Amino acid sequence: MEHQHVPGRQDKRQDSRTPILEWIAAAIGLLLTLAMLGFISWQAWRSTGEELPAIKVQVQRIVPAADGWVVEIAALNLSAATGAAVQIEGELKQGERVVATSQVTLDYVPGNSEQRGGLFFREDPRAHVLEVRALGYAKP
Amino acid sequence: MRAFGGAVIFAFPLLMTMEMWWLGFYIDPLRLLVFLALNLAILFGLSCFAGFRETFHLKEDALDAFAAYGVGTISSAVLLTLFGIITWDMPPGEIAGKIAVQSVPASIGAMAARSQLGDNEDDEKGTEGYAGQLFLMLAGALFLAFNVAPTEEMIVISFLMTPWHGLALVVVSLLVLHAFVYSLDFSGQEELPGDGGFWRTFFGYSIAGYGIALLVSLYVLWTFGRLDGLGVGQIAMMTAVLGFPSALGAALARLVV
């Protein structure tokens, strides 16, 4: 591998035929570009632009934390619209009585995506009925 | 000295970005390691085209790459300390993470300093060939994508855009990239390998370059954990957004390096 410029040799070789590498690179590039256009067009086709976020909150796991328990939650956005500053509340209930509440705000829950967060409780959530729900969101 | 200058100039916009400081403690260690390894590979490649010295020997180029990396790490550490972003009472993992993330742009700066600020007698080394051109586009795309990817604005933009905006952005990115490629070819600043021809330039450079830009965008977003939990449509939009600076980086790389 000598590092010096040999003008004639390189130009001649590349003039004659399209090198295989160029074919591969162009094909991959074309494929990716078309895939991008495809995905986004598909989205444009499906969404009306009028949807509102539809956020479903699920409890993932309950783990003992430093000063009580932490409940890991997953906020699943079922619509194509993104919600910002999504507030999520968890309530521990004993029959009709609310024992404790905890809140968390997720910065963004993008459309058709999932974001995770956690709620801290002093009491053991497994000893009560735990209800989690989204309270509201802001338009990003 | 010149290397330190380059490192500081290339890295300071990111050194003063708070998302970059946060990355230090939330980035996945494995992804960070992969990224650092990739950075070394890029430095090595850049060294072949624009290293500290006129070399093209495996050992010398490897040494150059490590030297640039060292310069990048040291200057990041010094500046972060100077700004009071890292202090002694932080856990070592956090300090290391913060420096490691910043060392990437700083080391690329150190490497590029030679060709940018240097008195290069031979402007272009000229023996790059097609693979070399692709590599330069990759390095340029990675650098510019990395510069904007950590900011929250990237996410916000992709949420504000409708899919129609996304489609338009893809087309515009491609056109801008092609305009750069074509004007470089036209002005004869740098002879493109190959016999020219509009479609050949378009597919061989612009389309291939945009493909690289998209891959780089996807990779950078993944490294920063931006894609976790996202739906396919959102991933496509975010990639389109980051694809724009990546495409610009790919187009400009051949001018800069």
# chains A, B, ... in the order shown; residues from 1 in each chain; ligands from 1
call {"tool": "residues_around", "arguments": {"residues": "A:Gly83", "least_positions_apart": "4", "cutoff": "9 Å", "atoms": "only C-alpha atoms", "output": "MDAnalysis selection string"}}
result
chainID A and resid 52:55 77 107:111 136:140
call {"tool": "write_last_selection", "arguments": {"atoms": "N, CA and C atoms", "output": "compact mmCIF listing (two decimals), in the first residue's frame"}}
result
# COMPACT_ATOMS: atom_id res chain seq x y z
N LEU A 52 -56.21 12.71 19.06
CA LEU A 52 -55.71 13.15 20.36
C LEU A 52 -55.02 11.96 21.00
N PRO A 53 -54.06 12.25 21.90
CA PRO A 53 -53.37 11.14 22.55
C PRO A 53 -54.35 10.26 23.33
N ALA A 54 -54.10 8.95 23.28
CA ALA A 54 -54.90 8.00 24.07
C ALA A 54 -53.91 7.18 24.88
N ILE A 55 -53.79 7.53 26.17
CA ILE A 55 -52.71 6.95 26.95
C ILE A 55 -53.23 5.95 27.98
N ASN A 77 -49.11 4.84 24.48
CA ASN A 77 -49.94 5.77 23.70
C ASN A 77 -50.51 5.01 22.51
N ASP A 107 -42.15 13.51 30.42
CA ASP A 107 -41.93 14.63 29.48
C ASP A 107 -42.68 14.42 28.18
N TYR A 108 -42.51 13.24 27.58
CA TYR A 108 -43.20 12.95 26.32
C TYR A 108 -43.67 11.51 26.29
N VAL A 109 -44.86 11.31 25.76
CA VAL A 109 -45.27 9.96 25.38
C VAL A 109 -45.62 10.03 23.89
N PRO A 110 -44.64 9.69 23.01
CA PRO A 110 -44.85 9.82 21.57
C PRO A 110 -45.95 8.87 21.08
N GLY A 111 -46.51 9.21 19.91
CA GLY A 111 -47.57 8.40 19.34
C GLY A 111 -47.15 6.97 19.09
N GLY A 136 -53.65 13.84 32.49
CA GLY A 136 -53.76 14.82 31.42
C GLY A 136 -52.46 14.97 30.67
N TYR A 137 -52.46 15.78 29.64
CA TYR A 137 -51.26 15.98 28.84
C TYR A 137 -51.28 17.40 28.30
N ALA A 138 -50.15 17.83 27.75
CA ALA A 138 -50.08 19.11 27.03
C ALA A 138 -49.73 18.81 25.59
N LYS A 139 -50.13 19.69 24.69
CA LYS A 139 -49.76 19.53 23.28
C LYS A 139 -48.29 19.93 23.13
N PRO A 140 -47.48 19.08 22.51
CA PRO A 140 -46.05 19.42 22.42
C PRO A 140 -45.79 20.64 21.54
call {"tool": "residues_around", "arguments": {"residues": "stretch 98-106 of chain B", "least_positions_apart": "4", "cutoff": "6 Å", "atoms": "only C-alpha atoms", "output": "ChimeraX atom specification"}}
result
/B:7,10-11,21,24,72-73,76-77
call {"tool": "write_last_selection", "arguments": {"atoms": "N, CA, C and O atoms", "output": "CSV table (one decimal), in the first residue's frame"}}
result
chain,number,residue,atom,x,y,z
B,7,ALA,N,-9.4,20.4,19.0
B,7,ALA,CA,-10.3,19.7,19.9
B,7,ALA,C,-11.3,20.7,20.6
B,7,ALA,O,-12.5,20.5,20.7
B,10,PHE,N,-13.9,22.3,18.0
B,10,PHE,CA,-14.9,21.3,17.6
B,10,PHE,C,-15.8,20.9,18.7
B,10,PHE,O,-17.0,20.6,18.5
B,11,ALA,N,-15.3,20.9,19.9
B,11,ALA,CA,-16.1,20.3,21.0
B,11,ALA,C,-16.8,21.3,21.9
B,11,ALA,O,-17.8,20.9,22.5
B,21,TRP,N,-24.2,16.8,29.3
B,21,TRP,CA,-23.7,16.4,30.6
B,21,TRP,C,-24.6,15.3,31.2
B,21,TRP,O,-24.1,14.4,31.9
B,24,GLY,N,-23.9,11.7,30.3
B,24,GLY,CA,-22.9,11.0,31.1
B,24,GLY,C,-23.4,10.1,32.1
B,24,GLY,O,-22.8,9.0,32.4
B,72,GLY,N,-8.3,14.6,22.8
B,72,GLY,CA,-9.7,14.9,23.0
B,72,GLY,C,-10.2,14.7,24.4
B,72,GLY,O,-10.9,15.5,25.0
B,73,THR,N,-9.7,13.6,25.0
B,73,THR,CA,-10.1,13.3,26.4
B,73,THR,C,-9.5,14.3,27.3
B,73,THR,O,-10.3,14.8,28.2
B,76,SER,N,-11.4,17.6,26.9
B,76,SER,CA,-12.7,17.6,27.5
B,76,SER,C,-12.7,17.6,29.0
B,76,SER,O,-13.4,18.3,29.7
B,77,ALA,N,-11.8,16.8,29.6
B,77,ALA,CA,-11.7,16.8,31.1
B,77,ALA,C,-11.3,18.1,31.6
B,77,ALA,O,-12.0,18.6,32.6
call {"tool": "atom_distance", "arguments": {"atom1": "atom CA of B:Arg200", "atom2": "atom CA of B:Tyr182"}}
result
11.0 Å
call {"tool": "residues_around", "arguments": {"residues": "A:Ile62", "least_positions_apart": "4", "cutoff": "7 Å", "atoms": "only C-alpha atoms", "output": "ChimeraX atom specification"}}
result
/A:69-72
call {"tool": "residues_around", "arguments": {"residues": "B:Asn39", "least_positions_apart": "5", "cutoff": "9 Å", "atoms": "only C-alpha atoms", "output": "PDB file with C-alpha atoms, in the first residue's frame"}}
result
ATOM      1  CA  VAL B  34     -19.539   0.524  21.139  1.00  0.00           C
ATOM      2  CA  PHE B  44      -8.038   5.795  12.342  1.00  0.00           C
ATOM      3  CA  TYR B  69      -8.215  10.430  21.232  1.00  0.00           C
ATOM      4  CA  VAL B 104     -15.735  11.996  20.781  1.00  0.00           C
ATOM      5  CA  SER B 107     -10.932  13.912  19.274  1.00  0.00           C
ATOM      6  CA  ILE B 108     -12.438  14.359  15.823  1.00  0.00           C
TER       7      ILE B 108
END
call {"tool": "residues_around", "arguments": {"residues": "stretch 154-165 of chain B", "least_positions_apart": "2", "cutoff": "8 Å", "atoms": "only C-alpha atoms", "output": "MDAnalysis selection string"}}
result
(chainID A and resid 40:41 43:44 49 82 110 140) or (chainID B and resid 148:152 167:169 234 237:238 241:242)
call {"tool": "atom_distance", "arguments": {"atom1": "atom CA of B:Met137", "atom2": "atom CA of B:Ala253"}}
result
5.7 Å
call {"tool": "closest_residue", "arguments": {"among": "B:Met20, B:Ala250, B:Leu80, B:Ala112", "to": "B:Leu215", "atoms": "only C-alpha atoms"}}
result
B:Ala250
call {"tool": "select_by_dssp", "arguments": {"residues": "chain A", "states": "strand (DSSP E)", "output": "ChimeraX atom specification"}}
result
/A:55-65,68-77,83-94,97-109,114-121,129-138
